[in-house]
$ cat entry12.txt   # compact mmCIF, C-alpha atoms
# COMPACT_ATOMS: atom_id res chain seq x y z
CA MET S 1 0.00 0.00 0.00
CA THR S 2 1.42 3.36 -1.03
CA GLY S 3 1.91 6.31 1.28
CA ALA S 4 -0.82 8.20 -0.53
CA GLU S 5 -3.27 5.35 0.07
CA ASN S 6 -2.30 5.26 3.74
CA TYR S 7 -2.88 8.98 4.03
CA THR S 8 -6.23 8.69 2.26
CA ARG S 9 -7.35 5.85 4.56
CA PHE S 10 -6.27 7.98 7.54
CA LEU S 11 -8.39 10.94 6.38
CA VAL S 12 -11.38 8.72 5.67
CA GLY S 13 -11.09 7.23 9.17
CA ILE S 14 -10.92 10.68 10.72
CA LEU S 15 -13.97 11.83 8.76
CA ALA S 16 -15.93 8.69 9.60
CA GLY S 17 -15.19 9.18 13.28
CA LEU S 18 -16.33 12.78 13.15
CA LEU S 19 -19.50 11.73 11.33
CA LEU S 20 -20.31 9.12 13.97
CA LEU S 21 -19.77 11.69 16.71
CA CYS S 22 -22.11 14.12 14.98
CA LEU S 23 -24.97 11.68 14.29
CA PRO S 24 -26.40 11.52 17.84
CA VAL S 25 -26.29 15.29 18.01
CA GLN S 26 -28.06 15.57 14.66
CA GLU S 27 -30.70 13.03 15.72
CA ALA S 28 -31.36 14.86 18.98
CA TRP S 29 -31.41 18.19 17.14
CA ALA S 30 -33.89 16.75 14.63
CA GLN S 31 -36.39 15.73 17.34
CA THR S 32 -39.44 17.96 17.84
CA PRO S 33 -40.17 19.29 21.37
CA ALA S 34 -43.06 16.82 21.65
CA MET S 35 -40.63 13.94 21.18
CA LEU S 36 -38.25 15.06 23.91
CA PRO S 37 -38.57 13.15 27.20
CA ASP S 38 -40.73 15.12 29.66
CA THR S 39 -39.09 14.76 33.07
CA GLN S 40 -42.19 16.01 34.89
CA VAL S 41 -44.43 13.45 33.22
CA GLN S 42 -41.86 10.73 33.82
CA ARG S 43 -41.65 11.71 37.48
CA GLN S 44 -45.44 11.62 37.79
CA VAL S 45 -45.54 8.15 36.25
CA ASP S 46 -42.79 7.15 38.66
CA ILE S 47 -44.79 8.42 41.68
CA GLU S 48 -47.97 6.68 40.56
CA GLY S 49 -46.09 3.43 40.13
CA HIS S 50 -44.73 3.61 43.68
CA LEU S 51 -48.18 4.59 44.97
CA ASP S 52 -49.75 1.56 43.30
CA LEU S 53 -47.02 -0.61 44.77
CA ALA S 54 -47.58 0.84 48.25
CA HIS S 55 -51.32 0.14 48.05
CA GLU S 56 -50.62 -3.41 46.89
CA PHE S 57 -48.33 -3.96 49.88
CA MET S 58 -51.09 -2.57 52.14
CA ARG S 59 -53.56 -5.07 50.68
CA GLN S 60 -51.08 -7.87 51.29
CA GLY S 61 -50.44 -6.77 54.88
CA LYS S 62 -46.76 -6.00 54.18
CA TRP S 63 -46.73 -2.86 56.26
CA ASP S 64 -42.96 -2.25 56.29
CA PHE S 65 -42.74 -2.50 52.50
CA ALA S 66 -45.74 -0.16 52.15
CA ALA S 67 -44.15 2.35 54.54
CA TYR S 68 -40.92 2.22 52.49
CA GLU S 69 -42.82 3.06 49.29
CA PHE S 70 -44.74 5.91 50.92
CA ARG S 71 -41.49 7.33 52.30
CA PHE S 72 -39.91 7.10 48.83
CA ILE S 73 -42.80 9.17 47.42
CA LEU S 74 -42.53 11.76 50.19
CA LYS S 75 -38.83 12.23 49.45
CA LYS S 76 -39.79 13.16 45.90
CA VAL S 77 -43.01 15.05 46.76
CA PRO S 78 -42.98 16.02 50.47
CA GLN S 79 -46.57 17.37 50.41
CA HIS S 80 -48.15 14.37 48.67
CA PRO S 81 -51.40 14.03 50.74
CA GLU S 82 -52.13 10.41 49.88
CA ALA S 83 -48.60 9.33 50.75
CA GLN S 84 -48.66 11.35 53.98
CA LEU S 85 -51.77 9.56 55.24
CA GLY S 86 -50.70 6.27 53.69
CA LEU S 87 -47.47 6.28 55.68
CA ALA S 88 -49.42 6.94 58.88
CA GLN S 89 -51.78 4.04 58.15
CA ALA S 90 -48.91 1.69 57.32
CA LEU S 91 -47.14 2.58 60.58
CA ILE S 92 -50.34 2.09 62.61
CA GLN S 93 -51.07 -1.26 60.98
CA GLY S 94 -47.49 -2.30 61.66
CA GLU S 95 -48.02 -1.27 65.33
CA GLN S 96 -45.34 1.39 65.12
CA PHE S 97 -47.65 3.73 66.99
CA GLU S 98 -45.14 6.27 68.26
CA ASP S 99 -43.65 6.74 64.80
CA ALA S 100 -47.16 7.15 63.38
CA ILE S 101 -48.09 9.69 66.06
CA ASP S 102 -44.91 11.70 65.51
CA HIS S 103 -45.55 11.73 61.77
CA LEU S 104 -49.20 12.79 62.22
CA LEU S 105 -48.34 15.52 64.73
CA VAL S 106 -46.17 17.10 62.04
CA LEU S 107 -49.03 16.86 59.52
CA ARG S 108 -51.39 18.33 62.08
CA GLN S 109 -49.38 21.54 62.14
CA GLN S 110 -49.86 22.14 58.44
CA PRO S 111 -52.22 25.05 57.67
CA ASN S 112 -54.38 22.93 55.38
CA ALA S 113 -54.45 19.81 57.55
CA SER S 114 -57.59 17.82 56.72
CA SER S 115 -60.03 16.37 59.23
CA GLN S 116 -58.81 12.95 58.10
CA VAL S 117 -55.39 13.71 59.59
CA PHE S 118 -57.00 14.38 62.97
CA MET S 119 -59.15 11.26 62.72
CA VAL S 120 -56.17 9.05 61.87
CA LEU S 121 -54.23 10.62 64.75
CA ALA S 122 -57.12 9.89 67.11
CA GLY S 123 -57.10 6.29 65.87
CA ALA S 124 -53.36 6.05 66.52
CA TYR S 125 -53.84 7.35 70.05
CA GLN S 126 -56.65 4.85 70.57
CA LYS S 127 -54.67 1.86 69.36
CA SER S 128 -51.66 2.85 71.41
CA GLY S 129 -53.76 3.02 74.58
CA ARG S 130 -53.72 6.82 74.90
CA TYR S 131 -57.50 6.90 75.31
CA ARG S 132 -57.80 10.35 76.84
CA ASP S 133 -55.86 11.96 73.97
CA ALA S 134 -57.98 10.05 71.47
CA ALA S 135 -61.25 11.00 73.19
CA LEU S 136 -60.38 14.69 73.27
CA LEU S 137 -59.51 14.61 69.60
CA TYR S 138 -62.75 12.79 68.69
CA ARG S 139 -64.71 15.35 70.72
CA ASP S 140 -62.99 18.22 68.90
CA GLN S 141 -63.86 16.67 65.55
CA LEU S 142 -67.52 16.33 66.61
CA ALA S 143 -67.51 20.00 67.60
CA LYS S 144 -66.41 20.84 64.05
CA ASP S 145 -68.76 18.36 62.37
CA ALA S 146 -71.69 17.00 64.39
CA THR S 147 -72.34 14.34 61.72
CA ASN S 148 -68.91 12.70 62.06
CA VAL S 149 -70.16 9.19 62.77
CA GLU S 150 -66.64 7.71 62.84
CA ALA S 151 -65.67 10.00 65.71
CA LEU S 152 -68.72 8.82 67.67
CA LYS S 153 -67.93 5.19 66.94
CA GLY S 154 -64.33 5.72 68.05
CA LEU S 155 -65.50 7.08 71.40
CA VAL S 156 -67.97 4.23 71.91
CA ASP S 157 -65.34 1.60 71.05
CA MET S 158 -62.97 2.99 73.68
CA LEU S 159 -65.41 3.08 76.60
CA PRO S 160 -64.81 -0.51 77.85
CA LYS S 161 -61.04 0.04 77.83
CA MET S 162 -61.04 3.33 79.74
CA PRO S 163 -60.60 3.64 83.49
CA LYS S 164 -64.04 3.94 85.12
CA THR S 165 -63.32 7.45 86.36
CA GLU S 166 -62.81 8.60 82.76
CA SER S 167 -65.41 6.42 81.04
CA ALA S 168 -68.22 7.84 83.20
CA GLN S 169 -67.47 11.32 81.89
CA TRP S 170 -67.50 10.17 78.27
CA GLU S 171 -70.65 8.07 78.74
CA SER S 172 -72.43 11.21 79.90
CA PHE S 173 -71.12 13.07 76.85
CA LEU S 174 -72.25 10.30 74.48
CA ALA S 175 -75.72 10.12 76.07
CA GLN S 176 -76.16 13.85 75.51
CA GLU S 177 -74.97 13.54 71.90
CA SER S 178 -77.34 10.63 71.29
CA GLN S 179 -80.32 12.57 72.63
CA LYS S 180 -79.37 15.66 70.66
CA ASN S 181 -79.05 13.63 67.45
CA ALA S 182 -82.41 11.93 68.02
CA GLU S 183 -84.05 15.36 68.40
CA GLN S 184 -82.39 16.57 65.19
CA ALA S 185 -83.59 13.44 63.39
CA ARG S 186 -87.16 13.96 64.54
CA LYS S 187 -87.13 17.60 63.46
CA ALA S 188 -85.87 16.52 60.05
CA LEU S 189 -88.74 14.02 59.80
CA LEU S 190 -91.25 16.75 60.65
CA ALA S 191 -89.73 18.89 57.90
CA ALA S 192 -89.89 15.93 55.47
CA ASP S 193 -86.09 16.10 55.09
CA TYR S 194 -85.74 12.33 55.13
CA ASP S 195 -82.13 12.14 53.98
CA LYS S 196 -81.08 14.37 56.86
CA ALA S 197 -83.19 12.29 59.22
CA THR S 198 -81.34 9.11 58.21
CA VAL S 199 -78.01 10.79 58.97
CA PHE S 200 -79.03 11.88 62.46
CA TYR S 201 -80.78 8.61 63.32
CA GLU S 202 -77.60 6.75 62.42
CA LEU S 203 -75.72 9.05 64.82
CA ALA S 204 -78.39 8.59 67.49
CA THR S 205 -78.05 4.81 67.35
CA VAL S 206 -74.25 4.60 67.70
CA TYR S 207 -74.34 4.72 71.51
CA LYS S 208 -76.66 2.25 73.28
CA PRO S 209 -79.10 1.83 70.39
CA THR S 210 -82.62 1.14 71.64
CA ILE S 211 -85.25 -0.79 69.71
CA ALA S 212 -87.32 2.40 69.52
CA LYS S 213 -84.51 4.44 67.96
CA MET S 214 -83.61 1.64 65.57
CA ASN S 215 -87.26 1.45 64.48
CA ASP S 216 -87.34 5.18 63.78
CA ARG S 217 -84.06 4.96 61.90
CA ALA S 218 -85.46 2.23 59.66
CA VAL S 219 -88.62 4.32 59.11
CA ALA S 220 -86.45 7.26 58.03
CA LEU S 221 -84.68 4.97 55.56
CA LEU S 222 -88.07 3.91 54.18
CA LEU S 223 -89.25 7.49 53.77
CA ALA S 224 -85.95 8.42 52.11
CA GLY S 225 -86.54 5.70 49.52
CA ARG S 226 -83.68 3.49 50.72
CA TYR S 227 -85.98 0.48 50.74
CA ARG S 228 -83.45 -2.35 50.74
CA GLN S 229 -81.54 -0.91 53.71
CA ALA S 230 -84.80 -0.37 55.56
CA ALA S 231 -85.99 -3.92 54.86
CA ASP S 232 -82.68 -5.38 56.07
CA LEU S 233 -82.84 -3.37 59.29
CA PHE S 234 -86.50 -4.26 59.93
CA GLN S 235 -85.69 -7.93 59.39
CA LYS S 236 -83.15 -7.74 62.23
CA LEU S 237 -85.57 -5.84 64.45
CA TYR S 238 -88.40 -8.27 63.69
CA ALA S 239 -86.18 -11.14 64.85
CA SER S 240 -85.98 -9.46 68.29
CA GLY S 241 -89.69 -10.24 68.83
CA LYS S 242 -90.30 -6.73 70.21
CA GLY S 243 -92.49 -3.88 69.03
CA LYS S 244 -95.33 -5.96 67.63
CA CYS S 245 -97.51 -2.92 67.01
CA THR S 246 -94.72 -0.77 65.53
CA ILE S 247 -91.87 -2.88 64.16
CA HIS S 248 -94.07 -5.66 62.72
CA PRO S 249 -96.33 -3.40 60.63
CA ASN S 250 -93.29 -1.40 59.56
CA ALA S 251 -91.54 -4.61 58.53
CA ALA S 252 -94.60 -5.42 56.40
CA VAL S 253 -94.39 -2.00 54.74
CA SER S 254 -90.68 -2.55 54.07
CA LEU S 255 -91.49 -5.87 52.39
CA LEU S 256 -94.08 -4.09 50.28
CA SER S 257 -91.54 -1.42 49.29
CA ILE S 258 -89.20 -4.05 47.81
CA GLY S 259 -91.97 -5.77 45.89
CA LYS S 260 -92.78 -8.64 48.27
CA SER S 261 -96.52 -7.96 48.55
CA THR S 262 -97.51 -11.54 49.43
CA ALA S 263 -95.10 -11.69 52.38
CA ALA S 264 -96.21 -8.18 53.40
CA ARG S 265 -99.87 -9.25 53.38
CA LYS S 266 -99.23 -12.33 55.56
CA LEU S 267 -97.22 -10.34 58.08
CA MET S 268 -99.80 -7.54 58.20
CA GLU S 269 -102.67 -10.01 58.71
CA ASN S 270 -100.81 -11.59 61.64
CA THR S 271 -100.02 -8.18 63.12
CA LEU S 272 -103.64 -7.03 62.98
CA ASN S 273 -104.60 -9.78 65.43
CA GLU S 274 -101.99 -8.61 67.96
CA CYS S 275 -102.86 -4.91 68.30
CA SER S 276 -106.00 -3.51 69.93
CA SER S 277 -105.44 0.26 69.77
CA PRO S 278 -108.14 1.73 67.45
CA GLN S 279 -105.68 4.24 65.96
CA SER S 280 -103.01 1.61 65.28
CA ARG S 281 -105.58 -0.83 63.90
CA ALA S 282 -106.98 1.86 61.60
CA GLN S 283 -103.54 2.58 60.19
CA MET S 284 -102.79 -1.12 59.78
CA LEU S 285 -106.14 -1.72 58.08
CA ASN S 286 -105.35 1.14 55.72
CA ASN S 287 -102.02 -0.48 54.88
CA MET S 288 -103.73 -3.83 54.53
CA GLY S 289 -106.22 -2.32 52.11
CA TYR S 290 -103.40 -0.92 50.01
CA ILE S 291 -101.74 -4.34 49.82
CA TYR S 292 -105.05 -5.87 48.72
CA GLU S 293 -105.38 -3.10 46.17
CA LEU S 294 -101.96 -3.82 44.70
CA ASN S 295 -103.06 -7.43 44.29
CA LYS S 296 -106.30 -6.20 42.62
CA ASP S 297 -108.36 -7.73 45.40
CA TRP S 298 -110.83 -4.84 45.30
CA LEU S 299 -113.43 -6.34 47.62
CA ASN S 300 -111.01 -6.90 50.51
CA ALA S 301 -109.38 -3.53 49.79
CA ARG S 302 -112.77 -1.83 50.14
CA MET S 303 -113.59 -3.69 53.35
CA SER S 304 -110.22 -2.81 54.90
CA TYR S 305 -110.47 0.86 54.00
CA GLU S 306 -114.07 1.10 55.22
CA GLU S 307 -113.14 -0.46 58.56
CA ALA S 308 -110.15 1.88 58.88
CA ASN S 309 -112.41 4.84 58.07
CA ARG S 310 -114.93 3.68 60.66
CA LEU S 311 -112.28 3.31 63.39
CA GLN S 312 -110.62 6.65 62.62
CA PRO S 313 -112.64 9.01 60.38
CA SER S 314 -109.83 11.59 60.58
CA LEU S 315 -107.37 9.23 58.85
CA THR S 316 -107.23 11.07 55.53
CA LYS S 317 -105.10 8.45 53.78
CA ALA S 318 -107.68 5.73 54.38
CA ALA S 319 -110.52 7.96 53.19
CA MET S 320 -108.65 8.94 50.01
CA ASN S 321 -107.78 5.30 49.36
CA LEU S 322 -111.40 4.27 49.87
CA GLY S 323 -112.52 6.93 47.43
CA PHE S 324 -110.11 5.58 44.83
CA VAL S 325 -111.51 2.06 45.28
CA TYR S 326 -115.06 3.42 44.91
CA GLU S 327 -113.97 5.04 41.64
CA HIS S 328 -112.53 1.77 40.41
CA LEU S 329 -115.77 -0.04 41.31
CA SER S 330 -117.73 2.70 39.45
CA LYS S 331 -119.36 3.85 42.70
CA LEU S 332 -118.86 7.48 41.69
CA ASP S 333 -121.50 8.99 43.97
CA GLU S 334 -119.97 7.27 47.03
CA ALA S 335 -116.51 8.50 46.01
CA LEU S 336 -117.80 12.05 45.49
CA ALA S 337 -119.53 12.08 48.88
CA LEU S 338 -116.34 10.91 50.57
CA TYR S 339 -114.15 13.54 48.85
CA ASN S 340 -116.65 16.30 49.63
CA TYR S 341 -116.58 15.26 53.29
CA LEU S 342 -112.77 15.51 53.26
CA ILE S 343 -112.77 19.08 51.94
CA THR S 344 -115.24 20.13 54.62
CA GLN S 345 -112.66 18.90 57.13
CA ASP S 346 -109.73 20.48 55.25
CA PRO S 347 -110.53 22.92 52.41
CA SER S 348 -106.82 23.02 51.45
CA ASN S 349 -106.75 19.31 50.52
CA ALA S 350 -105.62 19.62 46.88
CA ARG S 351 -105.72 15.85 46.36
CA ALA S 352 -109.37 15.70 47.38
CA TRP S 353 -110.27 18.63 45.10
CA THR S 354 -108.43 16.94 42.23
CA GLN S 355 -110.28 13.67 42.77
CA ILE S 356 -113.58 15.55 42.89
CA GLY S 357 -112.68 16.98 39.50
CA TYR S 358 -111.77 13.55 38.21
CA VAL S 359 -115.08 12.03 39.37
CA TYR S 360 -117.05 14.85 37.72
CA GLU S 361 -115.06 14.26 34.55
CA LYS S 362 -115.99 10.57 34.60
CA LYS S 363 -119.63 11.63 35.11
CA LYS S 364 -119.28 13.83 31.96
CA GLN S 365 -119.83 16.97 34.04
CA ASN S 366 -116.86 18.90 32.69
CA LYS S 367 -117.89 22.32 33.99
CA GLN S 368 -117.85 21.08 37.59
CA ALA S 369 -114.60 19.18 36.88
CA VAL S 370 -112.89 22.38 35.69
CA GLN S 371 -114.05 24.24 38.80
CA ALA S 372 -112.67 21.50 41.09
CA TYR S 373 -109.33 21.32 39.27
CA ARG S 374 -109.05 25.13 39.43
CA LYS S 375 -109.77 25.00 43.16
CA ALA S 376 -107.03 22.38 43.65
CA ILE S 377 -104.53 24.65 41.88
CA GLU S 378 -105.71 27.62 43.93
CA VAL S 379 -105.16 25.88 47.29
CA ASN S 380 -101.85 24.33 46.16
CA PRO S 381 -100.20 25.91 43.10
CA GLN S 382 -97.50 23.23 43.21
CA TYR S 383 -99.89 20.26 42.93
CA ARG S 384 -99.08 18.96 39.46
CA ASP S 385 -101.82 16.33 39.21
CA ALA S 386 -104.50 19.04 39.09
CA TYR S 387 -102.67 20.82 36.26
CA TYR S 388 -102.22 17.58 34.35
CA ASN S 389 -105.87 16.56 34.64
CA LEU S 390 -107.12 19.99 33.59
CA ILE S 391 -104.68 20.18 30.66
CA MET S 392 -105.87 16.79 29.41
CA LEU S 393 -109.52 17.82 29.85
CA TYR S 394 -108.95 21.00 27.82
CA ARG S 395 -107.17 19.04 25.11
CA GLY S 396 -110.02 16.53 24.97
CA GLU S 397 -112.42 19.42 24.44
CA GLY S 398 -110.20 20.90 21.73
CA LYS S 399 -109.31 23.96 23.82
CA LEU S 400 -105.64 23.80 22.92
CA ALA S 401 -104.84 27.44 23.69
CA LYS S 402 -106.11 27.05 27.27
CA ALA S 403 -104.22 23.76 27.62
CA ASP S 404 -100.95 25.36 26.40
CA GLU S 405 -101.39 28.36 28.68
CA LEU S 406 -101.90 26.08 31.69
CA LEU S 407 -98.91 23.98 30.65
CA ARG S 408 -96.70 27.09 30.81
CA GLN S 409 -97.96 27.79 34.33
CA MET S 410 -97.41 24.22 35.49
CA PRO S 411 -94.43 23.60 37.85
CA ASN S 412 -91.76 21.74 35.85
CA THR S 413 -93.41 22.07 32.46
CA ASP S 414 -91.82 18.99 30.88
CA ILE S 415 -95.01 17.23 29.75
CA VAL S 416 -93.14 13.94 29.42
CA THR S 417 -92.48 13.86 33.17
CA ALA S 418 -95.82 15.44 34.06
CA GLN S 419 -97.47 12.06 34.50
CA LYS S 420 -100.78 11.71 36.27
CA ASP S 421 -100.48 10.51 39.84
CA THR S 422 -101.32 6.80 40.02
CA LYS S 423 -101.71 4.48 42.97
CA LEU S 424 -98.63 2.51 41.95
CA THR S 425 -96.16 5.40 41.78
CA GLU S 426 -93.33 4.11 44.00
CA SER S 427 -92.00 7.57 44.91
CA LYS S 428 -95.44 8.45 46.34
CA LEU S 429 -95.95 5.23 48.26
CA PHE S 430 -96.26 7.02 51.59
CA GLN S 431 -99.14 9.19 50.39
CA TYR S 432 -101.23 6.04 50.70
CA ILE S 433 -99.85 4.03 53.62
CA ASP S 434 -98.66 4.66 57.17
CA VAL S 435 -95.50 3.95 59.11
CA PHE S 436 -95.19 3.68 62.87
CA LEU S 437 -92.73 5.72 64.91
CA THR S 438 -92.11 5.57 68.63
CA GLU S 439 -93.99 8.88 68.77
CA PRO S 440 -96.48 9.45 65.92
CA ILE S 441 -95.42 12.09 63.41
CA LEU S 442 -97.11 11.24 60.12
$ encode --input "entry12.txt" --output "C-alpha cells"
Amino acid sequence: MTGAENYTRFLVGILAGLLLLCLPVQEAWAQTPAMLPDTQVQRQVDIEGHLDLAHEFMRQGKWDFAAYEFRFILKKVPQHPEAQLGLAQALIQGEQFEDAIDHLLVLRQQPNASSQVFMVLAGAYQKSGRYRDAALLYRDQLAKDATNVEALKGLVDMLPKMPKTESAQWESFLAQESQKNAEQARKALLAADYDKATVFYELATVYKPTIAKMNDRAVALLLAGRYRQAADLFQKLYASGKGKCTIHPNAAVSLLSIGKSTAARKLMENTLNECSSPQSRAQMLNNMGYIYELNKDWLNARMSYEEANRLQPSLTKAAMNLGFVYEHLSKLDEALALYNYLITQDPSNARAWTQIGYVYEKKKQNKQAVQAYRKAIEVNPQYRDAYYNLIMLYRGEGKLAKADELLRQMPNTDIVTAQKDTKLTESKLFQYIDVFLTEPIL
C-alpha cells in the first residue's frame, strides 16, 4: 500500500469518526419538542407506580414495605397528601404507633391539615392506649362536624377500655350527643327532610341503640326511599320479637316497598290480630287495604279501608284510598260524597279537590270538573296532578290554547315527566300508607 493510500485511509477514518460523533447530536437536534422526554411526566408516572405498589403492599399486609414506598414518594413530593396519610396508616397497621403519632403531629401543624389527619391521629392514640388523647380529639372533631359518625364510633369503642373514672365522663357526653341527634332526626322528619333524618338517626343509634330508635331509623330509611336498607334493618328488628304494634307493621311495609306484597300481606294479617289500639288498627287496616289493592283484590281492599275509616274518620289516607276504590268499582257517587266530606274537614286538601274533579269528569260533568281542578290549583299551586288533569280535559275538548297556557304555568313544564299521579307510583308510596314511629309524626 502506497503512502498516498495510507494517508487517504487515515483521512477517511478521521472523517468517519467525526460523522459518527455528529450523528447523535443531529438526531437529537432533529427531534421535535413533543418527542423530547418530559421529566415532569416521567416523574409523575414514577410516583404513581410507587403509589400503586404501596397500596398493593397494604392489601397484602406488608406494612414495612408499604411504609418504604410511601417514604420514597414523600422524598420526591414532600406534600403528597395520599402518601402522607398512607405512611401513617402503614405505621399504625405495623403497630409502630409512636412513629405514626410523631408523623401525624407534624401533619397536624400544616395550615391545610384535613379532618382525616385528625381522625387518623385519634385512631393512633386509641390503638396505642392513649385513650384520653384520642377521646379529646374525637370530641374536637364532633364540635367541628356533628355528623362525624366515625368520631362517635371511636369514642364508643374505647369506653370498655377506659378507666371507670374517665369512662363515666365520656358516657355522659355520648348520652347527651345521642339525645341531641335523636331530636335533630325527629325535626328533620317533621320537615320531610328524610335524607337528613337518616343521617341523624344513624348518629343517634351509635351509643346504646334502643329498639325504639332503631325502628325510627329504619322508618327514616323507608321514607328516604332506601328500601333495601330499611328492609334489612327491619328484618333484624323483627327477629328481636319486640315492638309488635310498631316494628311488625313497619316490617310489612318494608317488604311491600321491595316488591314482596304476598309476604307483606301475611305479616300484616298476623299483626292485625296482635294490636287492639283503634288508631293503630286503623292505620294497619289502611295499609292492609293498600296491599289488597296492589293485588287487585278490590273487595277486601274496600272492606279494609271502610273499617279503617270507621275506626278513625280523621285518617285522611284511608278515606282517600277508599274513594279511589269506589272510583274503580264505578261507585262514583260514594266517592264524590267521601271527597266532599274531606274538603269540609280540610278545604286546602288539593288531592281531594283533584279527585272531585276527576269524578265529575268521569260523570261527563266537565264544567264542575274544571271548577274542582281550578280550586285544587288555587289551594296548592304546586300540585301537578291538578294541572295535568285539567290540561288533558282541555285538550279533549279541543281547547288547545287554554291547555298550552296552563302547561306554561305548570311547575316543571316537561309534559313527558308530568305524568298523572297513580296508585302505583313508587316515589309516592307514603301518600297512601302509614309507618309507625315511637312517637307518631305522620
$ atom_distance --input "entry12.txt" --atom1 "CA of Met320 in chain S" --atom2 "CA of Tyr292 in chain S"
15.3 Å
$ atom_distance --input "entry12.txt" --atom1 "CA of Trp63 in chain S" --atom2 "CA of Gly94 in chain S"
5.5 Å
$ residues_around --input "entry12.txt" --residues "Tyr207 in chain S" --least-positions-apart "6" --cutoff "10 Å" --atoms "only C-alpha atoms" --output "number ranges by chain"
S: 152-153, 155-157, 171, 174-175, 177-179
$ residues_around --input "entry12.txt" --residues "Tyr394 in chain S" --least-positions-apart "5" --cutoff "12 Å" --atoms "only C-alpha atoms" --output "compact mmCIF listing (two decimals) with C-alpha atoms, in the coordinates of the input"
# COMPACT_ATOMS: atom_id res chain seq x y z
CA GLU S 361 -115.06 14.26 34.55
CA ASN S 366 -116.86 18.90 32.69
CA LYS S 367 -117.89 22.32 33.99
CA ALA S 369 -114.60 19.18 36.88
CA VAL S 370 -112.89 22.38 35.69
CA TYR S 373 -109.33 21.32 39.27
CA TYR S 387 -102.67 20.82 36.26
CA TYR S 388 -102.22 17.58 34.35
CA ASN S 389 -105.87 16.56 34.64
CA LYS S 399 -109.31 23.96 23.82
CA LEU S 400 -105.64 23.80 22.92
CA ALA S 401 -104.84 27.44 23.69
CA LYS S 402 -106.11 27.05 27.27
CA ALA S 403 -104.22 23.76 27.62
CA ASP S 404 -100.95 25.36 26.40
CA GLU S 405 -101.39 28.36 28.68
CA LEU S 406 -101.90 26.08 31.69
CA LEU S 407 -98.91 23.98 30.65
$ closest_residue --input "entry12.txt" --among "S:Leu342, S:Ala134, S:Leu85, S:Val359" --to "Ser330 in chain S" --atoms "all atoms listed in the file"
S:Val359
$ closest_residue --input "entry12.txt" --among "S:Leu393, S:Val206, S:Ile356, S:Leu190" --to "Gly154 in chain S" --atoms "only C-alpha atoms"
S:Val206
$ closest_residue --input "entry12.txt" --among "S:Ala252, S:Ala230, S:Leu299, S:Ala113" --to "Gln79 in chain S" --atoms "all atoms listed in the file"
S:Ala113
$ residues_around --input "entry12.txt" --residues "Met214 in chain S" --least-positions-apart "2" --cutoff "9 Å" --atoms "all atoms listed in the file" --output "PyMOL selection string"
chain S and resi 201-202+204-205+209-212+216-219+233-234+237
$ atom_distance --input "entry12.txt" --atom1 "CA of Gln116 in chain S" --atom2 "CA of Gln176 in chain S"
24.6 Å
$ residues_around --input "entry12.txt" --residues "Ala319 in chain S" --least-positions-apart "2" --cutoff "10 Å" --atoms "only C-alpha atoms" --output "list in words"
Asn286, Tyr305, Glu306, Ala308, Asn309, Arg310, Gln312, Pro313, Ser314, Leu315, Thr316, Lys317, Asn321, Leu322, Gly323, Phe324, Val325, Ala335, Leu338, Tyr339, Tyr341, Leu342, Ala352 and Tyr432 of chain S
$ residues_around --input "entry12.txt" --residues "range 130-132 of chain S" --least-positions-apart "4" --cutoff "8 Å" --atoms "only C-alpha atoms" --output "PDB file with C-alpha atoms, in the frame of the given file"
ATOM      1  CA  TYR S 125     -53.840   7.350  70.050  1.00  0.00           C
ATOM      2  CA  GLN S 126     -56.650   4.850  70.570  1.00  0.00           C
ATOM      3  CA  LEU S 136     -60.380  14.690  73.270  1.00  0.00           C
ATOM      4  CA  MET S 158     -62.970   2.990  73.680  1.00  0.00           C
ATOM      5  CA  MET S 162     -61.040   3.330  79.740  1.00  0.00           C
ATOM      6  CA  GLU S 166     -62.810   8.600  82.760  1.00  0.00           C
TER       7      GLU S 166
END
$ closest_residue --input "entry12.txt" --among "S:Lys213, S:Lys266, S:His248, S:Arg408" --to "Ser280 in chain S" --atoms "all atoms listed in the file"
S:His248
$ residues_near_point --input "entry12.txt" --point "(-107.5, 21.4, 39.9)" --cutoff "9 Å" --atoms "only C-alpha atoms" --output "NGL selection string"
:S and (350-351 or 353-357 or 369-380 or 383-390)
$ closest_residue --input "entry12.txt" --among "S:Glu397, S:Gln229, S:Ile433, S:Ser128" --to "Leu285 in chain S" --atoms "only C-alpha atoms"
S:Ile433
$ closest_residue --input "entry12.txt" --among "S:Leu311, S:Leu51, S:Pro278, S:Phe57" --to "Arg71 in chain S" --atoms "all atoms listed in the file"
S:Leu51
